[in-house]
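Undergrad: Sharing a structure with you now.
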Amino acid sequence: MYDKLPMFTRIGIAALKPNLTNTIKLCNILQNPELNFKSIHIAGTNGKGSTSHILASVLQEAGFKVGLYTSPHLKDFRERIRINGKMISKKFIVDFVKKHKSEFEEIKPSFFEMTVGLCFDYFSKNKIDIAVIETGLGGRLDSTNIITPLLSVITNIGYDHMELLGKTLDKIAFEKAGIIKKNIPVVVGEYLPETKSIFIKTAKKNKSKLEFAEDIFACVNFKQTKNRSKCSILKSGEIIYKKLESDLAGIYQQKNFVTCIAAIEQLQLQGFKITEKNILNGFAKVKRNTGLMGRWQILNQKPLTVCDTGHNVNGIEYVVKQIAMQKFRKLHFVIGMVKDKEIKKIVKLLPQKAVYYFCKANLPRSLDEKKLQKYASHFGLKGKTYSSVNDAFANAKKNAENDDMIFVGGSTFVVAEVI
């Protein structure tokens with residue numbers, strides 16, 4: 001799959017095709033497995049991964065057989081496709097490719113298109129109760145957008161992948177809103193003045209019930225230890241969950257919690273039996289139930305070593321706020337990025353009081369570490385360059401004292417190599 005097929009995570013926009021034709025052809029060959037299971041469809045600039053995993057965890061706690069499709073993976077391709085937290089088997093993947101290889105070669109699907117077909121086939125054959133499906137990129141033309149879900153969820157809109165989705169927030173919102181289907185309810189986690197009207201217009205056109213989660217629900221009294229978080233959830237100003245605890249840390253999770261509670265309520269209205277106990281247990285055991293990694297993940301306590309996959313302007317803003325809340329003597333920042341991000345805007349946000357270890361993940365899309373260092377120097381950030389992530393991380397560990405902090409991030413792929 002890696003050798004023969006173009007792959008966005010490796011080469012960027014050249015791997016993408018601006019229509020759903022290939023996915024439709026591929027799923028026709030597979031006898032349309034996407035029609036054989038219920039689903040929830042999730043899009044958004046940030047938070048869609050955490051939101052997907054939280055919802056899957058809650059549904060598992062409610063006793064459902066839950067398929068979970070996310071991307072990209074960090075260590076193992078099979079992370080993308082799970083049922084009740086268990087990764088797809090190697091044998092199923094090998095058999096799937098062997099069986100359909102000649103037919104697929106005629107279509108010439110992208111890596112992502114083929115992975116979507118594999119996922120849908122796996123979920124169908126395993127007779128899941130419901131799937132939580134995360135879009136890969138955008139929404140309207142994303143390969144996953146051939147499903148008709150029970151619920152659509154859009155976490156938020158921010159600047160990312162503008163070369164494909166558009167240069168303005170309203171254009172990006174239009175692409176994400178493409179997952180809204182006729183007569184299917186939609187939950188929007190966060191909105192901005194530029195995006196709200198797009199969601200209203202698209203939902204009205206599709207006669208879809210639209211709910212803005214942050215207008216109804218709120219996360220208050222948010223507290224966190226190093227690797228857990230606690231809060232209360234309000235609905236229209238009234239407490240509905242006094243003590244909601246999660247194994248997901250990170251201040252940005254507050255937004256995701258609100259989005260998830262709104263989505264769960266919509267599922268309950270559709271007849272899903274999800275109790276308060278299921279919700280509390282689902283939030284408390286996200287990592288255990290689903291295998292989620294890379295979200296404010298603590299790798300070591302002394303020195304405090306954390307990685308996070310935040311990789312665009314909004315994601316890095318939250319990461320920097322989170323770092324500022326920690327106690328440490330000196331910050332060691334291992335960073336690498338990919339070429340198609342807003343490098344200058346992101347680097348501008350980074351803390352000046354830190355020692356930087358500029359590096360490059362092992363893929364063609366990665367930004368050269370010396371170029372990254374040059375961008376950073378314009379904003380007063382200082383540090384050495386390293387040709388690999390592991391070399392940079394090893395030097396950070398060598399230089400850090402027990403009361404220091406090491407942070408690893410800037411790119412999902414940098415985090416993947418460290419994990």
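Here's how to read the names in the structure tokens: chain A, B, ... by the order shown, residue numbers from 1 in each chain, ligand numbers from 1 in the order shown.
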With stretch 114-135 of chain A as the partner and 12 Å as the cut-off, tabulate the residues of stretch 164-203 of chain A that qualify, each row holding the nearest pair of atoms and their distance in Å to one decimal, using only C-alpha atoms, sorted by chain and rising number, as CSV.
TA:
residue,atom,partner,partner_atom,distance
A:Glu175,CA,A:Thr135,CA,11.4
A:Lys176,CA,A:Thr135,CA,9.2
A:Ala177,CA,A:Thr135,CA,11.7
A:Gly178,CA,A:Thr135,CA,10.9
A:Ile179,CA,A:Thr135,CA,9.0
Undergrad: If you run DSSP over the backbone, which residues in stretch 117-332 of chain A end up alpha helix (DSSP H)? Put them as number ranges by chain.
TA: A: 117-125, 162-165, 169-176, 193-205, 213-216, 253-269, 276-284, 286-290, 313-324
Undergrad: Looking only at strand (DSSP E or B) from DSSP on the backbone, list the matching residues of stretch 65-305 of chain A as a PyMOL selection string.
TA: chain A and resi 66-69+81-83+86-87+130-134+151-154+186-188+210-212+217-224+229-235+238-246+297-300+304-305
Undergrad: Env of A:Thr70: 12 Å cut, atoms = only C-alpha atoms, seq-sep filter 4 positions within chain, self excluded. Answer as a PDB file with N, CA and C atoms, in the first residue's frame.
TA:
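Saved the output as out.pdb:
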ATOM      1  N   HIS A  41     -20.253  10.819  11.786  1.00  0.00           N
ATOM      2  CA  HIS A  41     -19.211  11.380  10.926  1.00  0.00           C
ATOM      3  C   HIS A  41     -18.662  12.643  11.578  1.00  0.00           C
ATOM      4  N   ILE A  42     -17.326  12.739  11.690  1.00  0.00           N
ATOM      5  CA  ILE A  42     -16.715  13.845  12.425  1.00  0.00           C
ATOM      6  C   ILE A  42     -15.676  14.562  11.579  1.00  0.00           C
ATOM      7  N   ALA A  43     -15.840  15.887  11.466  1.00  0.00           N
ATOM      8  CA  ALA A  43     -14.886  16.733  10.746  1.00  0.00           C
ATOM      9  C   ALA A  43     -14.468  17.877  11.662  1.00  0.00           C
ATOM     10  N   GLY A  47      -9.223  18.822  17.137  1.00  0.00           N
ATOM     11  CA  GLY A  47     -10.080  18.139  18.113  1.00  0.00           C
ATOM     12  C   GLY A  47     -10.880  16.974  17.583  1.00  0.00           C
ATOM     13  N   LYS A  48     -10.864  16.748  16.263  1.00  0.00           N
ATOM     14  CA  LYS A  48     -11.727  15.670  15.764  1.00  0.00           C
ATOM     15  C   LYS A  48     -11.223  14.289  16.181  1.00  0.00           C
ATOM     16  N   GLY A  49      -9.906  14.157  16.364  1.00  0.00           N
ATOM     17  CA  GLY A  49      -9.359  12.881  16.822  1.00  0.00           C
ATOM     18  C   GLY A  49      -9.772  12.572  18.248  1.00  0.00           C
ATOM     19  N   SER A  50      -9.571  13.531  19.153  1.00  0.00           N
ATOM     20  CA  SER A  50      -9.980  13.342  20.557  1.00  0.00           C
ATOM     21  C   SER A  50     -11.482  13.120  20.654  1.00  0.00           C
ATOM     22  N   THR A  51     -12.250  13.927  19.921  1.00  0.00           N
ATOM     23  CA  THR A  51     -13.715  13.797  19.934  1.00  0.00           C
ATOM     24  C   THR A  51     -14.151  12.419  19.463  1.00  0.00           C
ATOM     25  N   SER A  52     -13.542  11.932  18.409  1.00  0.00           N
ATOM     26  CA  SER A  52     -13.868  10.597  17.888  1.00  0.00           C
ATOM     27  C   SER A  52     -13.591   9.520  18.922  1.00  0.00           C
ATOM     28  N   HIS A  53     -12.438   9.621  19.566  1.00  0.00           N
ATOM     29  CA  HIS A  53     -12.064   8.604  20.553  1.00  0.00           C
ATOM     30  C   HIS A  53     -12.948   8.663  21.801  1.00  0.00           C
ATOM     31  N   ALA A  56     -16.310   7.112  20.870  1.00  0.00           N
ATOM     32  CA  ALA A  56     -16.163   5.658  20.749  1.00  0.00           C
ATOM     33  C   ALA A  56     -16.087   5.014  22.128  1.00  0.00           C
ATOM     34  N   LEU A  74       0.165   6.827  14.335  1.00  0.00           N
ATOM     35  CA  LEU A  74       1.437   7.260  14.908  1.00  0.00           C
ATOM     36  C   LEU A  74       2.526   6.202  14.739  1.00  0.00           C
ATOM     37  N   PHE A  77       0.091   1.278  11.194  1.00  0.00           N
ATOM     38  CA  PHE A  77      -1.010   1.554  10.270  1.00  0.00           C
ATOM     39  C   PHE A  77      -2.351   1.080  10.828  1.00  0.00           C
ATOM     40  N   ARG A  78      -2.323  -0.031  11.574  1.00  0.00           N
ATOM     41  CA  ARG A  78      -3.572  -0.646  12.058  1.00  0.00           C
ATOM     42  C   ARG A  78      -4.280   0.204  13.113  1.00  0.00           C
ATOM     43  N   GLU A  79      -3.581   1.222  13.658  1.00  0.00           N
ATOM     44  CA  GLU A  79      -4.236   2.141  14.607  1.00  0.00           C
ATOM     45  C   GLU A  79      -5.444   2.828  13.982  1.00  0.00           C
ATOM     46  N   ARG A  80      -5.437   2.988  12.674  1.00  0.00           N
ATOM     47  CA  ARG A  80      -6.489   3.731  11.979  1.00  0.00           C
ATOM     48  C   ARG A  80      -7.843   3.029  12.046  1.00  0.00           C
ATOM     49  N   ILE A  81      -7.833   1.711  12.183  1.00  0.00           N
ATOM     50  CA  ILE A  81      -9.069   0.922  12.098  1.00  0.00           C
ATOM     51  C   ILE A  81      -9.161   0.017  13.323  1.00  0.00           C
ATOM     52  N   ARG A  82     -10.126   0.294  14.171  1.00  0.00           N
ATOM     53  CA  ARG A  82     -10.271  -0.472  15.413  1.00  0.00           C
ATOM     54  C   ARG A  82     -11.727  -0.866  15.640  1.00  0.00           C
ATOM     55  N   ILE A  83     -11.916  -1.942  16.344  1.00  0.00           N
ATOM     56  CA  ILE A  83     -13.242  -2.317  16.847  1.00  0.00           C
ATOM     57  C   ILE A  83     -13.101  -2.526  18.343  1.00  0.00           C
ATOM     58  N   GLY A  85     -11.577  -0.791  20.390  1.00  0.00           N
ATOM     59  CA  GLY A  85     -10.201  -0.508  20.787  1.00  0.00           C
ATOM     60  C   GLY A  85      -9.161  -1.437  20.206  1.00  0.00           C
ATOM     61  N   MET A  87      -7.071  -3.180  17.320  1.00  0.00           N
ATOM     62  CA  MET A  87      -6.684  -2.865  15.949  1.00  0.00           C
ATOM     63  C   MET A  87      -7.059  -3.983  14.974  1.00  0.00           C
ATOM     64  N   PHE A 112      -5.287   6.784   0.877  1.00  0.00           N
ATOM     65  CA  PHE A 112      -6.409   7.049   1.778  1.00  0.00           C
ATOM     66  C   PHE A 112      -7.695   6.407   1.260  1.00  0.00           C
ATOM     67  N   THR A 115      -7.593   2.798   2.033  1.00  0.00           N
ATOM     68  CA  THR A 115      -7.734   2.569   3.471  1.00  0.00           C
ATOM     69  C   THR A 115      -9.189   2.703   3.910  1.00  0.00           C
ATOM     70  N   VAL A 116      -9.898   3.667   3.336  1.00  0.00           N
ATOM     71  CA  VAL A 116     -11.324   3.846   3.642  1.00  0.00           C
ATOM     72  C   VAL A 116     -12.109   2.600   3.213  1.00  0.00           C
ATOM     73  N   CYS A 119     -11.413  -0.168   5.633  1.00  0.00           N
ATOM     74  CA  CYS A 119     -12.125   0.086   6.889  1.00  0.00           C
ATOM     75  C   CYS A 119     -13.596  -0.307   6.795  1.00  0.00           C
ATOM     76  N   ALA A 131     -20.248   2.915  13.847  1.00  0.00           N
ATOM     77  CA  ALA A 131     -18.877   3.344  13.570  1.00  0.00           C
ATOM     78  C   ALA A 131     -18.739   4.835  13.844  1.00  0.00           C
ATOM     79  N   VAL A 132     -17.597   5.207  14.401  1.00  0.00           N
ATOM     80  CA  VAL A 132     -17.237   6.620  14.533  1.00  0.00           C
ATOM     81  C   VAL A 132     -16.184   6.871  13.458  1.00  0.00           C
ATOM     82  N   ILE A 133     -16.531   7.688  12.478  1.00  0.00           N
ATOM     83  CA  ILE A 133     -15.685   7.893  11.298  1.00  0.00           C
ATOM     84  C   ILE A 133     -15.148   9.321  11.275  1.00  0.00           C
ATOM     85  N   GLU A 134     -13.833   9.458  11.369  1.00  0.00           N
ATOM     86  CA  GLU A 134     -13.191  10.772  11.310  1.00  0.00           C
ATOM     87  C   GLU A 134     -12.775  11.063   9.870  1.00  0.00           C
ATOM     88  N   THR A 135     -13.075  12.259   9.403  1.00  0.00           N
ATOM     89  CA  THR A 135     -12.618  12.642   8.058  1.00  0.00           C
ATOM     90  C   THR A 135     -11.096  12.731   8.055  1.00  0.00           C
ATOM     91  N   GLY A 136     -10.514  12.539   6.878  1.00  0.00           N
ATOM     92  CA  GLY A 136      -9.071  12.681   6.764  1.00  0.00           C
ATOM     93  C   GLY A 136      -8.679  14.137   6.617  1.00  0.00           C
ATOM     94  N   LEU A 137      -9.323  14.801   5.652  1.00  0.00           N
ATOM     95  CA  LEU A 137      -8.987  16.194   5.369  1.00  0.00           C
ATOM     96  C   LEU A 137     -10.209  16.871   4.757  1.00  0.00           C
ATOM     97  N   THR A 144     -14.203   9.637   3.087  1.00  0.00           N
ATOM     98  CA  THR A 144     -15.185   9.079   4.026  1.00  0.00           C
ATOM     99  C   THR A 144     -16.593   9.596   3.765  1.00  0.00           C
ATOM    100  N   THR A 290      -9.705   2.953  23.808  1.00  0.00           N
ATOM    101  CA  THR A 290      -9.515   3.198  22.370  1.00  0.00           C
ATOM    102  C   THR A 290      -8.061   3.201  21.896  1.00  0.00           C
ATOM    103  N   GLY A 291      -7.113   3.309  22.836  1.00  0.00           N
ATOM    104  CA  GLY A 291      -5.707   3.337  22.440  1.00  0.00           C
ATOM    105  C   GLY A 291      -5.206   4.690  21.969  1.00  0.00           C
ATOM    106  N   LEU A 292      -5.925   5.757  22.293  1.00  0.00           N
ATOM    107  CA  LEU A 292      -5.519   7.092  21.848  1.00  0.00           C
ATOM    108  C   LEU A 292      -4.147   7.465  22.405  1.00  0.00           C
ATOM    109  N   MET A 293      -3.301   8.035  21.532  1.00  0.00           N
ATOM    110  CA  MET A 293      -1.961   8.486  21.934  1.00  0.00           C
ATOM    111  C   MET A 293      -1.719   9.898  21.404  1.00  0.00           C
TER     112      MET A 293
END
Undergrad: Neighbouring residues of A:Lys353 were defined as those with any atom within 10 Å, considering only C-alpha atoms; residues of the same chain fewer than 3 positions away were excluded. Please report them as a list in words.
TA: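 In the requested format, the answer is Lys330, Leu331, His332, Phe333, Leu350, Tyr356, Gly380, Leu381 and Lys382 of chain A.
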Undergrad: Could you write those residues out with C-alpha atoms, as a PDB file, in the first residue's frame?
TA:
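As written to disk, result.pdb reads:
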ATOM      1  CA  LYS A 330      14.260  25.210  31.932  1.00  0.00           C
ATOM      2  CA  LEU A 331      12.296  24.262  28.820  1.00  0.00           C
ATOM      3  CA  HIS A 332      13.809  22.017  26.149  1.00  0.00           C
ATOM      4  CA  PHE A 333      11.678  22.146  22.993  1.00  0.00           C
ATOM      5  CA  LEU A 350       6.554  29.668  20.521  1.00  0.00           C
ATOM      6  CA  TYR A 356      15.271  24.506  20.809  1.00  0.00           C
ATOM      7  CA  GLY A 380      14.589  35.177  18.694  1.00  0.00           C
ATOM      8  CA  LEU A 381      14.362  31.400  19.146  1.00  0.00           C
ATOM      9  CA  LYS A 382      17.709  29.707  19.596  1.00  0.00           C
TER      10      LYS A 382
END
Undergrad: Identify, on the basis of only C-alpha atoms, every residue whose closest approach to A:Asn395 does not exceed 12 Å; exclude the query and any residue fewer than 5 positions from it along the same chain; express the result as a PyMOL selection string.
TA: chain A and resi 332-334+355-359+383-390+400+406
Undergrad: Those selected residues, please, written with C-alpha atoms and delivered as a PDB file, in the first residue's frame.
TA:
ATOM      1  CA  HIS A 332      13.809  22.017  26.149  1.00  0.00           C
ATOM      2  CA  PHE A 333      11.678  22.146  22.993  1.00  0.00           C
ATOM      3  CA  VAL A 334      12.114  19.419  20.355  1.00  0.00           C
ATOM      4  CA  VAL A 355      16.367  25.765  24.223  1.00  0.00           C
ATOM      5  CA  TYR A 356      15.271  24.506  20.809  1.00  0.00           C
ATOM      6  CA  TYR A 357      16.207  21.261  19.098  1.00  0.00           C
ATOM      7  CA  PHE A 358      15.214  21.725  15.450  1.00  0.00           C
ATOM      8  CA  CYS A 359      14.721  18.443  13.623  1.00  0.00           C
ATOM      9  CA  GLY A 383      18.879  26.138  19.299  1.00  0.00           C
ATOM     10  CA  LYS A 384      20.830  23.587  17.301  1.00  0.00           C
ATOM     11  CA  THR A 385      19.708  21.497  14.324  1.00  0.00           C
ATOM     12  CA  TYR A 386      19.534  17.707  14.201  1.00  0.00           C
ATOM     13  CA  SER A 387      19.083  15.519  11.138  1.00  0.00           C
ATOM     14  CA  SER A 388      16.673  13.159  12.898  1.00  0.00           C
ATOM     15  CA  VAL A 389      13.969  13.367  15.535  1.00  0.00           C
ATOM     16  CA  ASN A 390      15.599  10.696  17.677  1.00  0.00           C
ATOM     17  CA  ALA A 400      17.843  18.272  30.707  1.00  0.00           C
ATOM     18  CA  ILE A 406      11.112  18.519  27.600  1.00  0.00           C
TER      19      ILE A 406
END
Undergrad: Under the rule that only C-alpha atoms are counted, which of A:Lys230, A:Lys223, A:Lys207, A:Lys65 is the nearest residue to A:Ser39?
TA: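 Using only C-alpha atoms, A:Ser39 sits closest to A:Lys65.
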Undergrad: Go through A:Ile157, A:Ala396, A:Leu20, A:Met325 one by one, measure the shortest atom-to-atom distance of each to A:Ser110 using only C-alpha atoms, and give the residue with the smallest value.
TA: A:Leu20
Undergrad: Could you name the residues that touch stretch 22-24 of chain A at 6 Å or less, counting only C-alpha atoms, but leaving out those on the same chain fewer than 3 positions away, as a list in words?
TA: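 In the requested format, the answer is Cys27, Glu113 and Ser143 of chain A.
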Undergrad: Report, in Å with one decimal, the straight-line distance from atom CA of A:Glu61 to atom CA of A:Phe272.
TA: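 A separation of 12.3 Å between them.
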Undergrad: Ranking A:Leu367, A:Val286, A:Ile274, A:Val408 by minimum distance to A:Val319 and counting only C-alpha atoms, which one comes first?
TA: A:Val408
Undergrad: Give the answer as one residue: which of A:Pro149, A:Phe64, A:Phe111, A:Thr21 has the shortest atom-to-atom distance to A:Asn36, using only C-alpha atoms?
TA: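 Distance minimum relative to A:Asn36 lands on A:Pro149.
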Undergrad: Could you check which of A:Asn145, A:Gln373, A:Gln322, A:Thr195 is closest to A:Thr225, using only C-alpha atoms?
TA: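 Ranked by minimum distance to A:Thr225, first place goes to A:Gln322.
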Undergrad: Show me, as a ChimeraX atom specification, the residues that have an atom within 7 Å of stretch 255-270 of chain A when counting only C-alpha atoms, minus same-chain residues fewer than 2 positions from it.
TA: /A:47,51,55,155,187,189,213-214,217-219,252-253,272-274
Undergrad: Taking C-alpha atoms for each residue, export the selection above as a short mmCIF file (atom, residue, chain, number, x, y, z; two decimals), in the first residue's frame.
TA:
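Here's the written file out02.cif:
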data_model
loop_
_atom_site.label_atom_id
_atom_site.label_comp_id
_atom_site.auth_asym_id
_atom_site.auth_seq_id
_atom_site.Cartn_x
_atom_site.Cartn_y
_atom_site.Cartn_z
CA GLY A 47 -10.08 18.14 18.11
CA THR A 51 -13.72 13.80 19.93
CA LEU A 55 -17.43 9.14 21.58
CA THR A 155 -15.56 20.32 16.01
CA VAL A 187 -23.56 19.31 16.06
CA GLY A 189 -18.58 22.40 18.59
CA ALA A 213 -22.77 22.97 21.33
CA GLU A 214 -21.09 25.95 23.00
CA PHE A 217 -23.26 23.40 27.09
CA ALA A 218 -20.24 24.63 29.02
CA CYS A 219 -17.24 23.05 30.73
CA TYR A 252 -7.97 22.21 24.80
CA GLN A 253 -9.99 19.13 25.83
CA PHE A 272 -29.38 5.08 21.91
CA LYS A 273 -29.38 3.80 25.48
CA ILE A 274 -26.44 5.68 26.97
#
Undergrad: Using only C-alpha atoms, pick whichever of A:Lys242, A:Lys235, A:Lys371, A:Lys204 has the shortest atom-to-atom distance to A:Phe222.
TA: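 Under the stated criterion, the closest residue is A:Lys242.
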